[in-house]
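One structure is given below, encoded as structure tokens.
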Amino acid sequence: MSASIVLPILFGAIFLGKPYITIFVIIIGMLAVYEFTKLIKISHFIIKFFLLALLPIILVMFELIQDNGFLVNNIFLIIALVSSIYILSFKLESNSQVKLSFYGLTGLIYIAGSLLSGLYIWENYQNTLMMIIMIGIFISDTSAYIIGTQIGKHALAKNISPNKTIEGSIGSFIFTIIFFIMIYVQNISIFTNINTTIFFAINLNISAQIGDIIISTLKRKADVKNTGVIMPGHGGCLDRIDSVLLSLLTTHLFLWGIL
């Protein structure tokens with residue numbers, strides 16, 4: 001039921017365009033940042049409010065300077081990518097609100113950079129490409145789950161997420177590549193070169209799996225199963241977009257590098 005409500009809103013926002021897509025992204029981003037602050041145990045209301053308020057400011061500001069701030073935009077995206085890696089080293093047993101606030105700012109930059117990447121892809125390429133990316137991530141997640149539960153025997157990251165298996169990961173990788181080869185055969189969107197298509201699929205799949213692991217690592221450190229309860233049956237917003245975040249970020253940088 002949650003998916004049947006959220007997905008039509010997402011795809012509707014993609015096709016309706018501004019301001020609907022911007023509003024949708026800001027709402028999703030603020031929910032994700034809020035859950036992130038809870039996950040890392042920031043207790044001060046003012047710090048939470050500050051981080052939440054920064055999200056729409058960052059998104060709108062970078063949207064406004066996109067055409068004239070190419071270098072600034074891409075520096076921010078690279079910082080966001082580094083932030084995603086740094087999240088893995090968080091030590092949540094710290095009681096220092098200063099340190100936790102820095103963690104919160106790191107998470108904010110990661111989330112904002114990823115969402116900005118999504119907006120950039122939507123604005124500069126066809127709606128079709130954004131739909132293909134989202135379907136590709138869905139295939140990556142779903143195939144990993146199905147294959148992992150059916151034939152998975154070897155844990156991929158036992159200390160982080162016991163349910164993830166090597167078999168599921170490999171299956172996800174294969175099915176994602178097959179999906180993008182099918183897109184290439186149909187000559188859809190930008191996929192007119194088989195090598196670029198395969199590299200695109202590899203980048204998307206690896207990013208989706210690592211993005212999932214990043215948030216799973218944080219949940220394990222925080223000793224919680226889900227980041228929230230906003231989507232019954234699915235957990236929190238951050239639970240649903242963990243693989244999407246890093247995928248959008250690396251896809252943007254991938255497109256920046258090849259096109």
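Chain identifiers are assigned as A, B, and so on, following the order in which chains appear in the structure tokens; residues are numbered from 1 within each chain, and ligands are numbered from 1 in order of appearance.
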| query | Near Ile121 in chain A, within 8 Å and counting only C-alpha atoms, which residues show up once chain neighbours fewer than 6 positions away are dropped, as a list in words? | reply | Leu129, Met130 and His252 of chain A
Okay, now the selection with N, CA and C atoms, as a CSV table (one decimal), in the first residue's frame?
chain,number,residue,atom,x,y,z
A,129,LEU,N,15.1,8.9,-19.1
A,129,LEU,CA,16.3,8.5,-18.5
A,129,LEU,C,16.1,8.3,-17.0
A,130,MET,N,15.4,9.3,-16.4
A,130,MET,CA,15.2,9.3,-14.9
A,130,MET,C,14.4,8.0,-14.6
A,252,HIS,N,25.3,11.0,-11.8
A,252,HIS,CA,25.5,12.4,-12.3
A,252,HIS,C,27.0,12.6,-12.6
| task | With a distance cut-off of 9 Å and only C-alpha atoms, select the neighbouring residues of Ile40 in chain A, excluding the residue or stretch itself and same-chain residues fewer than 5 positions from it, and output the selection as a VMD selection string. | result | chain A and resid 35 90 to 92 100 103 to 104 218 to 219 221 to 222
| task | Mind the document's chain letters and residue numbers, and return as a VMD selection string the residues of range 30-238 of chain A that DSSP labels helix (DSSP H, G or I). | result | chain A and resid 30 to 39 45 to 64 70 to 89 97 to 124 127 to 151 166 to 185 194 to 222 237 to 238
| said: Neighbouring residues of Lys48 in chain A were defined as those with any atom within 9 Å, considering only C-alpha atoms; residues of the same chain fewer than 2 positions away were excluded. Please report them as an MDAnalysis selection string. | reply: chainID A and resid 33:34 37:38 42:46 50:53 101 104
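Among the candidates A:Ile166, A:Val72, A:Ile133, A:Ile181, the one nearest to Leu204 in chain A when counting only C-alpha atoms is A:Ile133.
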